[in-house]
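Shown here: my_file_5.cif, mmCIF, C-alpha atoms.
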data_start
#
loop_
_atom_site.group_PDB
_atom_site.id
_atom_site.type_symbol
_atom_site.label_atom_id
_atom_site.label_comp_id
_atom_site.auth_asym_id
_atom_site.auth_seq_id
_atom_site.Cartn_x
_atom_site.Cartn_y
_atom_site.Cartn_z
ATOM 1 C CA MET J 133 -29.126 -11.869 -52.107
ATOM 2 C CA THR J 134 -28.690 -9.846 -48.921
ATOM 3 C CA VAL J 135 -26.444 -6.797 -49.151
ATOM 4 C CA PRO J 136 -24.393 -6.359 -45.947
ATOM 5 C CA VAL J 137 -25.015 -3.120 -44.108
ATOM 6 C CA PRO J 138 -21.830 -1.370 -42.899
ATOM 7 C CA PRO J 139 -21.675 -0.834 -39.136
ATOM 8 C CA GLN J 140 -22.904 2.512 -37.923
ATOM 9 C CA HIS J 141 -20.568 4.975 -36.244
ATOM 10 C CA PRO J 142 -21.966 6.082 -32.850
ATOM 11 C CA THR J 143 -22.732 9.462 -34.341
ATOM 12 C CA ASP J 144 -24.999 8.050 -37.071
ATOM 13 C CA GLN J 145 -27.776 7.087 -34.651
ATOM 14 C CA ARG J 146 -27.597 10.382 -32.783
ATOM 15 C CA ARG J 147 -27.724 12.339 -36.043
ATOM 16 C CA HIS J 148 -31.227 11.047 -36.806
ATOM 17 C CA ASN J 149 -32.497 13.239 -33.973
ATOM 18 C CA THR J 150 -30.750 16.398 -35.227
ATOM 19 C CA PRO J 151 -32.966 19.115 -36.768
ATOM 20 C CA PRO J 152 -32.197 19.713 -40.496
ATOM 21 C CA ASP J 153 -31.431 23.408 -39.923
ATOM 22 C CA GLN J 154 -28.551 22.464 -37.622
ATOM 23 C CA HIS J 155 -27.032 20.222 -40.325
ATOM 24 C CA HIS J 156 -27.187 23.177 -42.680
ATOM 25 C CA ARG J 157 -25.441 25.483 -40.220
ATOM 26 C CA LEU J 158 -22.604 22.982 -39.763
ATOM 27 C CA SER J 159 -22.044 22.217 -43.434
ATOM 28 C CA PRO J 160 -19.886 25.318 -44.232
ATOM 29 C CA LEU J 161 -17.391 24.092 -41.611
ATOM 30 C CA LEU J 162 -16.937 20.705 -43.281
ATOM 31 C CA THR J 163 -14.542 21.825 -45.992
ATOM 32 C CA PRO J 164 -11.492 19.931 -47.318
ATOM 33 C CA SER J 165 -9.261 22.959 -46.704
ATOM 34 C CA ARG J 166 -9.813 22.707 -42.973
ATOM 35 C CA GLU J 167 -9.150 18.974 -43.033
ATOM 36 C CA ILE J 168 -5.896 19.642 -44.864
ATOM 37 C CA ALA J 169 -4.994 22.274 -42.264
ATOM 38 C CA LEU J 170 -5.644 19.773 -39.465
ATOM 39 C CA LYS J 171 -3.544 17.115 -41.216
ATOM 40 C CA THR J 172 -0.691 19.600 -41.583
ATOM 41 C CA TYR J 173 -0.913 20.547 -37.891
ATOM 42 C CA VAL J 174 -0.948 16.926 -36.697
ATOM 43 C CA GLU J 175 2.039 16.013 -38.854
ATOM 44 C CA ARG J 176 3.985 18.960 -37.444
ATOM 45 C CA VAL J 177 2.950 18.828 -33.766
ATOM 46 C CA GLY J 178 2.107 15.150 -33.320
ATOM 47 C CA ASN J 179 -1.446 15.512 -31.973
ATOM 48 C CA ALA J 180 -4.779 17.176 -32.703
ATOM 49 C CA ARG J 181 -4.947 19.224 -29.481
ATOM 50 C CA VAL J 182 -5.181 22.523 -31.329
ATOM 51 C CA PRO J 183 -5.360 25.635 -29.097
ATOM 52 C CA TYR J 184 -8.629 27.477 -29.600
ATOM 53 C CA GLY J 185 -6.978 30.634 -30.935
ATOM 54 C CA HIS J 186 -4.524 28.892 -33.264
ATOM 55 C CA ARG J 187 -4.612 29.699 -36.975
ATOM 56 C CA GLU J 188 -3.029 27.463 -39.553
ATOM 57 C CA GLY J 189 -2.213 30.058 -42.178
ATOM 58 C CA ALA J 190 -5.463 31.872 -42.823
ATOM 59 C CA THR J 191 -7.550 29.037 -41.382
ATOM 60 C CA PRO J 192 -8.930 29.501 -37.821
ATOM 61 C CA LEU J 193 -8.057 25.870 -37.086
ATOM 62 C CA GLY J 194 -8.464 25.943 -33.288
ATOM 63 C CA GLN J 195 -11.977 27.324 -33.519
ATOM 64 C CA TRP J 196 -12.912 24.830 -36.217
ATOM 65 C CA VAL J 197 -11.625 21.827 -34.203
ATOM 66 C CA ALA J 198 -13.595 22.991 -31.162
ATOM 67 C CA GLU J 199 -16.731 23.234 -33.297
ATOM 68 C CA GLN J 200 -16.201 19.695 -34.600
ATOM 69 C CA ARG J 201 -15.969 18.375 -31.046
ATOM 70 C CA ARG J 202 -19.156 20.176 -30.071
ATOM 71 C CA ALA J 203 -20.948 18.783 -33.126
ATOM 72 C CA TYR J 204 -19.755 15.246 -32.357
ATOM 73 C CA THR J 205 -20.843 15.481 -28.725
ATOM 74 C CA ALA J 206 -24.268 16.843 -29.737
ATOM 75 C CA GLY J 207 -24.795 14.026 -32.286
ATOM 76 C CA GLN J 208 -24.761 16.483 -35.169
ATOM 77 C CA MET J 209 -22.084 14.712 -37.218
ATOM 78 C CA THR J 210 -22.354 11.731 -39.542
ATOM 79 C CA GLY J 211 -20.402 8.592 -38.770
ATOM 80 C CA GLN J 212 -18.559 8.899 -42.075
ATOM 81 C CA ARG J 213 -17.471 12.420 -41.203
ATOM 82 C CA ALA J 214 -16.363 11.345 -37.700
ATOM 83 C CA ARG J 215 -14.298 8.481 -39.126
ATOM 84 C CA ARG J 216 -12.531 10.810 -41.568
ATOM 85 C CA LEU J 217 -11.574 13.167 -38.761
ATOM 86 C CA GLU J 218 -10.424 10.290 -36.539
ATOM 87 C CA GLN J 219 -8.146 9.134 -39.354
ATOM 88 C CA LEU J 220 -6.598 12.616 -39.285
ATOM 89 C CA GLY J 221 -5.858 12.220 -35.570
ATOM 90 C CA MET J 222 -8.931 13.821 -34.041
ATOM 91 C CA VAL J 223 -9.587 12.812 -30.440
ATOM 92 C CA TRP J 224 -13.086 13.622 -29.263
ATOM 93 C CA SER J 225 -12.275 13.528 -25.536
ATOM 94 C CA LEU J 226 -9.060 15.214 -24.412
ATOM 95 C CA THR J 227 -9.490 13.555 -21.021
ATOM 96 C CA ASP J 228 -9.412 10.102 -22.619
ATOM 97 C CA GLU J 229 -6.394 11.101 -24.669
ATOM 98 C CA ARG J 230 -4.469 12.207 -21.573
ATOM 99 C CA PHE J 231 -5.414 8.941 -19.863
ATOM 100 C CA GLN J 232 -4.009 6.922 -22.751
ATOM 101 C CA GLU J 233 -0.774 8.907 -22.674
ATOM 102 C CA ASN J 234 -0.367 8.286 -18.944
ATOM 103 C CA LEU J 235 -1.305 4.637 -19.418
ATOM 104 C CA GLU J 236 1.634 4.235 -21.797
ATOM 105 C CA ALA J 237 3.886 5.681 -19.099
ATOM 106 C CA ALA J 238 2.358 3.253 -16.598
ATOM 107 C CA LYS J 239 3.137 0.318 -18.877
ATOM 108 C CA ALA J 240 6.741 1.466 -19.192
ATOM 109 C CA TYR J 241 7.013 1.793 -15.397
ATOM 110 C CA TYR J 242 5.588 -1.697 -14.862
ATOM 111 C CA ASP J 243 8.128 -3.165 -17.269
ATOM 112 C CA GLN J 244 10.908 -1.836 -15.019
ATOM 113 C CA HIS J 245 9.372 -2.180 -11.539
ATOM 114 C CA TRP J 246 6.809 -5.034 -11.935
ATOM 115 C CA THR J 247 4.097 -3.030 -10.142
ATOM 116 C CA LEU J 248 1.982 0.105 -10.550
ATOM 117 C CA CYS J 249 2.186 0.887 -6.822
ATOM 118 C CA ALA J 250 4.673 3.623 -7.623
ATOM 119 C CA PRO J 251 5.772 6.205 -5.046
ATOM 120 C CA ARG J 252 4.109 9.591 -5.447
ATOM 121 C CA SER J 253 7.411 11.038 -6.648
ATOM 122 C CA ALA J 254 7.817 8.476 -9.469
ATOM 123 C CA THR J 255 8.042 9.710 -13.047
ATOM 124 C CA MET J 256 8.121 7.887 -16.370
ATOM 125 C CA LEU J 257 8.271 9.185 -19.954
ATOM 126 C CA ASP J 258 8.309 12.720 -18.517
ATOM 127 C CA LYS J 259 4.941 12.087 -16.824
ATOM 128 C CA PRO J 260 4.304 12.548 -13.060
ATOM 129 C CA LEU J 261 3.171 8.932 -12.939
ATOM 130 C CA GLY J 262 3.185 8.411 -9.170
ATOM 131 C CA MET J 263 0.894 11.358 -8.516
ATOM 132 C CA TRP J 264 -1.391 10.399 -11.403
ATOM 133 C CA LEU J 265 -1.858 6.870 -10.043
ATOM 134 C CA ALA J 266 -2.348 8.174 -6.498
ATOM 135 C CA ASN J 267 -5.136 10.446 -7.735
ATOM 136 C CA LEU J 268 -6.839 7.559 -9.547
ATOM 137 C CA ARG J 269 -6.807 5.527 -6.320
ATOM 138 C CA ARG J 270 -8.944 8.088 -4.531
ATOM 139 C CA PRO J 271 -12.502 6.930 -3.792
ATOM 140 C CA GLY J 272 -14.784 7.724 -6.726
ATOM 141 C CA ALA J 273 -11.953 8.769 -9.070
ATOM 142 C CA LEU J 274 -12.876 6.087 -11.629
ATOM 143 C CA ASP J 275 -16.646 6.421 -11.336
ATOM 144 C CA GLY J 276 -18.013 6.566 -14.867
ATOM 145 C CA HIS J 277 -14.772 5.204 -16.344
ATOM 146 C CA PRO J 278 -14.966 1.400 -16.172
ATOM 147 C CA ASP J 279 -12.760 1.226 -19.262
ATOM 148 C CA TRP J 280 -9.994 3.088 -17.409
ATOM 149 C CA ARG J 281 -10.200 0.674 -14.488
ATOM 150 C CA ALA J 282 -10.070 -2.313 -16.843
ATOM 151 C CA ALA J 283 -7.063 -0.856 -18.672
ATOM 152 C CA LEU J 284 -5.125 -0.401 -15.416
ATOM 153 C CA GLU J 285 -6.016 -3.894 -14.186
ATOM 154 C CA ALA J 286 -4.838 -5.307 -17.509
ATOM 155 C CA VAL J 287 -1.380 -3.895 -16.729
ATOM 156 C CA ASP J 288 -1.337 -4.793 -13.015
ATOM 157 C CA GLU J 289 -4.276 -6.475 -11.288
ATOM 158 C CA ASP J 290 -2.888 -5.230 -7.953
ATOM 159 C CA TRP J 291 -2.509 -1.605 -9.044
ATOM 160 C CA ASN J 292 -4.837 -0.477 -6.230
ATOM 161 C CA PRO J 293 -4.459 -2.944 -3.326
ATOM 162 C CA SER J 294 -6.240 -2.578 -0.004
ATOM 163 C CA TRP J 295 -2.878 -2.848 1.796
ATOM 164 C CA PRO J 296 0.001 -0.315 1.733
ATOM 165 C CA ALA J 297 1.598 0.391 -1.644
ATOM 166 C CA GLU J 298 5.050 0.076 -0.076
ATOM 167 C CA TRP J 299 4.288 -3.528 0.890
ATOM 168 C CA GLN J 300 3.181 -4.267 -2.681
ATOM 169 C CA ARG J 301 6.413 -2.794 -4.095
ATOM 170 C CA HIS J 302 8.502 -5.130 -1.932
ATOM 171 C CA TYR J 303 6.305 -8.096 -2.804
ATOM 172 C CA ALA J 304 6.532 -7.378 -6.548
ATOM 173 C CA ALA J 305 10.335 -7.255 -6.356
ATOM 174 C CA LEU J 306 10.389 -10.574 -4.466
ATOM 175 C CA ARG J 307 8.003 -12.131 -6.983
ATOM 176 C CA GLU J 308 10.243 -11.071 -9.858
ATOM 177 C CA LEU J 309 13.331 -12.366 -8.060
ATOM 178 C CA VAL J 310 11.689 -15.743 -7.543
ATOM 179 C CA ALA J 311 10.613 -15.858 -11.199
ATOM 180 C CA ASP J 312 14.203 -15.180 -12.296
ATOM 181 C CA GLU J 313 15.472 -17.948 -10.012
ATOM 182 C CA HIS J 314 12.848 -20.400 -11.411
ATOM 183 C CA GLY J 315 11.976 -21.490 -7.909
ATOM 184 C CA GLN J 316 10.096 -20.372 -4.850
ATOM 185 C CA ALA J 317 10.990 -17.948 -2.119
ATOM 186 C CA GLY J 318 11.065 -20.864 0.290
ATOM 187 C CA GLU J 319 13.790 -22.448 -1.852
ATOM 188 C CA THR J 320 15.582 -19.343 -3.131
ATOM 189 C CA GLU J 321 18.036 -17.890 -0.625
ATOM 190 C CA VAL J 322 16.835 -14.369 0.096
ATOM 191 C CA LEU J 323 18.989 -12.973 2.881
ATOM 192 C CA PRO J 324 18.924 -9.524 4.517
ATOM 193 C CA GLY J 325 21.008 -7.145 2.470
ATOM 194 C CA LEU J 326 19.674 -8.331 -0.901
ATOM 195 C CA THR J 327 18.546 -5.029 -2.397
ATOM 196 C CA ILE J 328 16.354 -4.372 -5.454
ATOM 197 C CA HIS J 329 15.501 -0.824 -6.542
ATOM 198 C CA GLY J 330 16.832 0.419 -3.211
ATOM 199 C CA MET J 331 14.617 -1.960 -1.183
ATOM 200 C CA ASP J 332 16.155 -4.516 1.178
ATOM 201 C CA ILE J 333 14.020 -7.480 0.090
ATOM 202 C CA GLY J 334 15.779 -9.975 2.363
ATOM 203 C CA LYS J 335 15.190 -7.914 5.481
ATOM 204 C CA TRP J 336 11.575 -7.313 4.454
ATOM 205 C CA LEU J 337 10.948 -11.022 3.847
ATOM 206 C CA ALA J 338 12.450 -11.998 7.209
ATOM 207 C CA ARG J 339 10.073 -9.568 8.893
ATOM 208 C CA GLN J 340 7.029 -10.989 7.077
ATOM 209 C CA ARG J 341 7.920 -14.420 8.422
ATOM 210 C CA THR J 342 7.763 -13.365 12.056
ATOM 211 C CA PRO J 343 4.559 -14.592 13.769
ATOM 212 C CA LYS J 344 3.472 -11.117 14.883
ATOM 213 C CA VAL J 345 3.768 -9.555 11.402
ATOM 214 C CA TRP J 346 2.301 -12.594 9.632
ATOM 215 C CA GLN J 347 -0.830 -12.514 11.792
ATOM 216 C CA ALA J 348 -1.274 -8.805 11.086
ATOM 217 C CA LEU J 349 -1.244 -9.292 7.281
ATOM 218 C CA ALA J 350 -4.464 -9.219 5.285
ATOM 219 C CA ALA J 351 -5.694 -12.501 3.835
ATOM 220 C CA GLY J 352 -4.738 -11.331 0.341
ATOM 221 C CA GLN J 353 -1.197 -10.547 1.437
ATOM 222 C CA ARG J 354 -0.721 -13.960 3.044
ATOM 223 C CA GLU J 355 -2.197 -15.646 -0.034
ATOM 224 C CA ARG J 356 0.312 -13.921 -2.314
ATOM 225 C CA LEU J 357 3.239 -14.848 -0.109
ATOM 226 C CA GLU J 358 2.082 -18.463 0.086
ATOM 227 C CA GLN J 359 1.912 -18.581 -3.720
ATOM 228 C CA LEU J 360 5.649 -17.859 -3.682
ATOM 229 C CA GLY J 361 6.243 -20.765 -1.319
ATOM 230 C CA ILE J 362 6.488 -18.681 1.842
ATOM 231 C CA THR J 363 4.892 -20.726 4.586
ATOM 232 C CA PRO J 364 3.388 -19.354 7.789
ATOM 233 C CA PRO J 365 5.834 -19.332 10.704
ATOM 234 C CA ALA J 366 5.478 -22.059 13.267
ATOM 235 C CA PRO J 367 3.513 -20.897 16.311
ATOM 236 C CA GLU J 368 5.685 -19.864 19.197
ATOM 237 C CA THR J 369 5.634 -22.346 22.069
ATOM 238 C CA GLU J 370 5.083 -20.753 25.401
ATOM 239 C CA THR J 371 7.821 -21.547 27.877
ATOM 240 C CA PRO J 372 6.264 -22.301 31.249
ATOM 241 C CA ALA J 373 7.154 -19.658 33.752
ATOM 242 C CA LYS J 374 9.686 -20.798 36.307
ATOM 243 C CA PRO J 375 8.512 -20.548 39.866
ATOM 244 C CA PRO J 376 10.224 -17.670 41.584
ATOM 245 C CA THR J 377 13.176 -18.781 43.693
ATOM 246 C CA ALA J 378 14.087 -15.450 45.194
ATOM 247 C CA PRO J 379 11.985 -13.968 48.020
ATOM 248 C CA VAL J 380 9.492 -11.456 46.696
ATOM 249 C CA SER J 381 8.075 -9.651 49.749
ATOM 250 C CA ALA J 382 10.006 -7.742 52.414
ATOM 251 C CA PHE J 383 8.937 -10.263 55.061
ATOM 252 C CA GLU J 384 10.087 -13.213 52.938
ATOM 253 C CA ARG J 385 13.427 -11.500 52.342
ATOM 254 C CA GLY J 386 13.738 -10.988 56.117
ATOM 255 C CA VAL J 387 13.004 -14.663 56.840
ATOM 256 C CA ALA J 388 15.498 -15.751 54.140
ATOM 257 C CA ALA J 389 18.157 -13.446 55.603
ATOM 258 C CA LEU J 390 17.559 -14.809 59.106
ATOM 259 C CA ALA J 391 17.811 -18.430 57.886
ATOM 260 C CA GLN J 392 21.074 -17.611 56.113
ATOM 261 C CA TYR J 393 22.446 -15.832 59.173
ATOM 262 C CA LYS J 394 21.499 -18.758 61.450
ATOM 263 C CA THR J 395 23.133 -21.278 59.075
ATOM 264 C CA ARG J 396 26.334 -19.275 59.072
ATOM 265 C CA THR J 397 26.527 -18.338 62.792
ATOM 266 C CA GLY J 398 24.333 -20.920 64.508
ATOM 267 C CA SER J 399 22.454 -18.133 66.284
ATOM 268 C CA VAL J 400 19.341 -16.012 65.795
ATOM 269 C CA THR J 401 20.590 -13.201 68.017
ATOM 270 C CA VAL J 402 21.298 -10.445 65.526
ATOM 271 C CA PRO J 403 22.813 -7.025 66.277
ATOM 272 C CA ARG J 404 20.375 -4.217 65.417
ATOM 273 C CA GLY J 405 22.737 -2.673 62.894
ATOM 274 C CA HIS J 406 23.544 -5.917 61.048
ATOM 275 C CA VAL J 407 22.909 -6.109 57.277
ATOM 276 C CA GLU J 408 22.657 -9.544 55.616
ATOM 277 C CA THR J 409 23.315 -9.923 51.874
ATOM 278 C CA LEU J 410 21.254 -12.550 50.040
ATOM 279 C CA PRO J 411 22.635 -14.639 47.125
ATOM 280 C CA ASP J 412 20.922 -12.392 44.549
ATOM 281 C CA GLY J 413 22.725 -9.374 45.990
ATOM 282 C CA THR J 414 19.791 -7.997 47.938
ATOM 283 C CA GLU J 415 20.825 -6.364 51.212
ATOM 284 C CA VAL J 416 18.471 -6.918 54.180
ATOM 285 C CA LYS J 417 18.718 -4.853 57.350
ATOM 286 C CA LEU J 418 18.204 -7.983 59.395
ATOM 287 C CA GLY J 419 18.606 -6.445 62.858
ATOM 288 C CA VAL J 420 16.003 -3.768 62.097
ATOM 289 C CA PHE J 421 13.690 -6.384 60.526
ATOM 290 C CA LEU J 422 13.706 -8.556 63.658
ATOM 291 C CA SER J 423 13.248 -5.577 65.983
ATOM 292 C CA ASN J 424 10.276 -4.302 63.995
ATOM 293 C CA SER J 425 8.730 -7.761 63.678
ATOM 294 C CA LYS J 426 8.900 -8.280 67.450
ATOM 295 C CA SER J 427 7.368 -4.884 68.219
ATOM 296 C CA ARG J 428 4.551 -5.596 65.748
ATOM 297 C CA ARG J 429 3.991 -9.178 66.819
ATOM 298 C CA ALA J 430 0.307 -8.647 67.451
ATOM 299 C CA LYS J 431 -0.207 -7.642 63.836
ATOM 300 C CA LEU J 432 1.632 -10.613 62.293
ATOM 301 C CA THR J 433 -0.409 -13.455 60.800
ATOM 302 C CA THR J 434 -0.268 -16.943 62.206
ATOM 303 C CA GLU J 435 1.724 -18.113 59.159
ATOM 304 C CA ARG J 436 4.372 -15.409 59.586
ATOM 305 C CA LEU J 437 4.725 -16.084 63.307
ATOM 306 C CA ALA J 438 5.124 -19.782 62.545
ATOM 307 C CA ALA J 439 7.887 -19.055 59.993
ATOM 308 C CA LEU J 440 9.836 -16.998 62.549
ATOM 309 C CA ALA J 441 9.254 -19.531 65.310
ATOM 310 C CA ALA J 442 10.533 -22.343 63.075
ATOM 311 C CA LEU J 443 13.868 -20.514 62.916
ATOM 312 C CA GLY J 444 14.150 -20.442 66.733
ATOM 313 C CA LEU J 445 12.679 -17.073 67.761
ATOM 314 C CA GLU J 446 11.064 -17.771 71.148
ATOM 315 C CA TRP J 447 8.983 -14.585 71.183
ATOM 316 C CA ALA J 448 7.304 -15.710 67.936
ATOM 317 C CA ALA J 449 6.377 -19.083 69.441
ATOM 318 C CA GLU J 450 4.779 -17.670 72.567
ATOM 319 C CA GLY J 451 1.028 -18.253 72.554
#
Mind turning this structure into structure tokens?
Amino acid sequence: MTVPVPPQHPTDQRRHNTPPDQHHRLSPLLTPSREIALKTYVERVGNARVPYGHREGATPLGQWVAEQRRAYTAGQMTGQRARRLEQLGMVWSLTDERFQENLEAAKAYYDQHWTLCAPRSATMLDKPLGMWLANLRRPGALDGHPDWRAALEAVDEDWNPSWPAEWQRHYAALRELVADEHGQAGETEVLPGLTIHGMDIGKWLARQRTPKVWQALAAGQRERLEQLGITPPAPETETPAKPPTAPVSAFERGVAALAQYKTRTGSVTVPRGHVETLPDGTEVKLGVFLSNSKSRRAKLTTERLAALAALGLEWAAEG
């Protein structure tokens, strides 16, 4: 018959490499009175973070707890001993303990806001949660702590998106709204002015649907919106540009003014000071235009001379 072997505590394996004299030096510290003192402290305070100089009665409890942590880290403690201390509330890593406390605050925040992309100023359970999460998002902040990363992703897989946190907050609110409506954002009426947690979700959604903003979104952002039934906007059709109807150059405006003047008066003899107003409101000093054109005849192109000649100007037709 095979007798089952109880699982080893992580400290059991490390203890095999500990010199016997070190076990002897630690043994006076492993007394029931100190365990009782720790139990009393935890019951009163609520945790085993004992200040180094604290004494519980006559027992130098803070110093003793620090020595237990050093022994555990060095592999100089049996697994049985470590388990007994853990049952009393001992936490070997204060950093891990603080992480777990903040993680509980993060869970409470997610329950209310449906995202961990909290603003830096956000607090929860008296913890500066927003700043804590912002610090964890810094490059390299979770190196060596894959369990921390996994714990955060278990609460919110998008806790650290590659796009702005503000965008994720709006999206999370929309996602929750759609879930409450048992539909999709394409079916649920989400109009500008619909506000959740101080965010105008309707206005935000309308902006996401514009072609310019949609094209600027990351693939992951568009994918999440499409999962809510938000379809890409139809491409804008380009309206063909209308050919210009109004004269564009000074010469063309002069020719147009002369044609208008001739139609109205039946003559192309224009006083030098006359000003002709075109239909678009442009005023053309027609008399000056004709005088200047005649004096610069030699510099006019064949096309321009032909345009003036067609209106009846004899000097423009002369070869």
Run the PyMOL selection byres ((chain J and resi 284-295) around 6) against the file shown and list the residues it catches, as a PDB file with C-alpha atoms, in the frame of the given file.
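Result file follows (out.pdb):
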ATOM      1  CA  LEU J 248       1.982   0.105 -10.550  1.00  0.00           C
ATOM      2  CA  CYS J 249       2.186   0.887  -6.822  1.00  0.00           C
ATOM      3  CA  ARG J 281     -10.200   0.674 -14.488  1.00  0.00           C
ATOM      4  CA  ALA J 282     -10.070  -2.313 -16.843  1.00  0.00           C
ATOM      5  CA  ALA J 283      -7.063  -0.856 -18.672  1.00  0.00           C
ATOM      6  CA  PRO J 296       0.001  -0.315   1.733  1.00  0.00           C
TER       7      PRO J 296
END
Step by step: start from the point (16.2, -15.5, 52.6) in the file's coordinates, keep every protein, DNA or RNA residue that has an atom no farther than 12 Å from it, count all atoms listed in the file, and write the set as a PDB file with C-alpha atoms, in the frame of the given file.
ATOM      1  CA  THR J 377      13.176 -18.781  43.693  1.00  0.00           C
ATOM      2  CA  ALA J 378      14.087 -15.450  45.194  1.00  0.00           C
ATOM      3  CA  PRO J 379      11.985 -13.968  48.020  1.00  0.00           C
ATOM      4  CA  VAL J 380       9.492 -11.456  46.696  1.00  0.00           C
ATOM      5  CA  SER J 381       8.075  -9.651  49.749  1.00  0.00           C
ATOM      6  CA  ALA J 382      10.006  -7.742  52.414  1.00  0.00           C
ATOM      7  CA  PHE J 383       8.937 -10.263  55.061  1.00  0.00           C
ATOM      8  CA  GLU J 384      10.087 -13.213  52.938  1.00  0.00           C
ATOM      9  CA  ARG J 385      13.427 -11.500  52.342  1.00  0.00           C
ATOM     10  CA  GLY J 386      13.738 -10.988  56.117  1.00  0.00           C
ATOM     11  CA  VAL J 387      13.004 -14.663  56.840  1.00  0.00           C
ATOM     12  CA  ALA J 388      15.498 -15.751  54.140  1.00  0.00           C
ATOM     13  CA  ALA J 389      18.157 -13.446  55.603  1.00  0.00           C
ATOM     14  CA  LEU J 390      17.559 -14.809  59.106  1.00  0.00           C
ATOM     15  CA  ALA J 391      17.811 -18.430  57.886  1.00  0.00           C
ATOM     16  CA  GLN J 392      21.074 -17.611  56.113  1.00  0.00           C
ATOM     17  CA  TYR J 393      22.446 -15.832  59.173  1.00  0.00           C
ATOM     18  CA  LYS J 394      21.499 -18.758  61.450  1.00  0.00           C
ATOM     19  CA  THR J 395      23.133 -21.278  59.075  1.00  0.00           C
ATOM     20  CA  GLU J 408      22.657  -9.544  55.616  1.00  0.00           C
ATOM     21  CA  THR J 409      23.315  -9.923  51.874  1.00  0.00           C
ATOM     22  CA  LEU J 410      21.254 -12.550  50.040  1.00  0.00           C
ATOM     23  CA  PRO J 411      22.635 -14.639  47.125  1.00  0.00           C
ATOM     24  CA  ASP J 412      20.922 -12.392  44.549  1.00  0.00           C
ATOM     25  CA  GLY J 413      22.725  -9.374  45.990  1.00  0.00           C
ATOM     26  CA  THR J 414      19.791  -7.997  47.938  1.00  0.00           C
ATOM     27  CA  GLU J 415      20.825  -6.364  51.212  1.00  0.00           C
ATOM     28  CA  VAL J 416      18.471  -6.918  54.180  1.00  0.00           C
ATOM     29  CA  LYS J 417      18.718  -4.853  57.350  1.00  0.00           C
ATOM     30  CA  LEU J 418      18.204  -7.983  59.395  1.00  0.00           C
ATOM     31  CA  ALA J 439       7.887 -19.055  59.993  1.00  0.00           C
ATOM     32  CA  LEU J 440       9.836 -16.998  62.549  1.00  0.00           C
ATOM     33  CA  LEU J 443      13.868 -20.514  62.916  1.00  0.00           C
TER      34      LEU J 443
END
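Residue nearest J:Arg341 within the list J:Ala430, J:Leu309, J:Val182, J:Leu357: J:Leu357 [criterion: smallest interatomic distance, all atoms listed in the file].
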So which residues get picked by the PyMOL selection byres ((chain J and resi 170-177) around 10) here, written as an mmCIF file with C-alpha atoms, in the coordinates of the input?
data_model
loop_
_atom_site.group_PDB
_atom_site.id
_atom_site.type_symbol
_atom_site.label_atom_id
_atom_site.label_comp_id
_atom_site.auth_asym_id
_atom_site.auth_seq_id
_atom_site.Cartn_x
_atom_site.Cartn_y
_atom_site.Cartn_z
ATOM 1 C CA PRO J 164 -11.492 19.931 -47.318
ATOM 2 C CA SER J 165 -9.261 22.959 -46.704
ATOM 3 C CA ARG J 166 -9.813 22.707 -42.973
ATOM 4 C CA GLU J 167 -9.150 18.974 -43.033
ATOM 5 C CA ILE J 168 -5.896 19.642 -44.864
ATOM 6 C CA ALA J 169 -4.994 22.274 -42.264
ATOM 7 C CA GLY J 178 2.107 15.150 -33.320
ATOM 8 C CA ASN J 179 -1.446 15.512 -31.973
ATOM 9 C CA ALA J 180 -4.779 17.176 -32.703
ATOM 10 C CA ARG J 181 -4.947 19.224 -29.481
ATOM 11 C CA VAL J 182 -5.181 22.523 -31.329
ATOM 12 C CA ARG J 187 -4.612 29.699 -36.975
ATOM 13 C CA GLU J 188 -3.029 27.463 -39.553
ATOM 14 C CA THR J 191 -7.550 29.037 -41.382
ATOM 15 C CA LEU J 193 -8.057 25.870 -37.086
ATOM 16 C CA GLY J 194 -8.464 25.943 -33.288
ATOM 17 C CA TRP J 196 -12.912 24.830 -36.217
ATOM 18 C CA VAL J 197 -11.625 21.827 -34.203
ATOM 19 C CA LEU J 217 -11.574 13.167 -38.761
ATOM 20 C CA GLN J 219 -8.146 9.134 -39.354
ATOM 21 C CA LEU J 220 -6.598 12.616 -39.285
ATOM 22 C CA GLY J 221 -5.858 12.220 -35.570
ATOM 23 C CA MET J 222 -8.931 13.821 -34.041
#
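Candidate residues J:Glu358, J:Glu229, J:Asp243, J:Asp312 were compared for distance to J:Trp280, and the nearest is J:Glu229, using all atoms listed in the file.
The space between atom CA of J:Gln244 and atom CA of J:Leu226 spans 27.9 Å.
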Once the PyMOL selection byres ((chain J and resi 252) around 7) is applied to the coordinates I shared, what remains selected? I want it as a PDB file with C-alpha atoms, keeping the file's coordinate frame.
ATOM      1  CA  ALA J 250       4.673   3.623  -7.623  1.00  0.00           C
ATOM      2  CA  PRO J 251       5.772   6.205  -5.046  1.00  0.00           C
ATOM      3  CA  SER J 253       7.411  11.038  -6.648  1.00  0.00           C
ATOM      4  CA  ALA J 254       7.817   8.476  -9.469  1.00  0.00           C
ATOM      5  CA  GLY J 262       3.185   8.411  -9.170  1.00  0.00           C
ATOM      6  CA  MET J 263       0.894  11.358  -8.516  1.00  0.00           C
ATOM      7  CA  ALA J 266      -2.348   8.174  -6.498  1.00  0.00           C
TER       8      ALA J 266
END
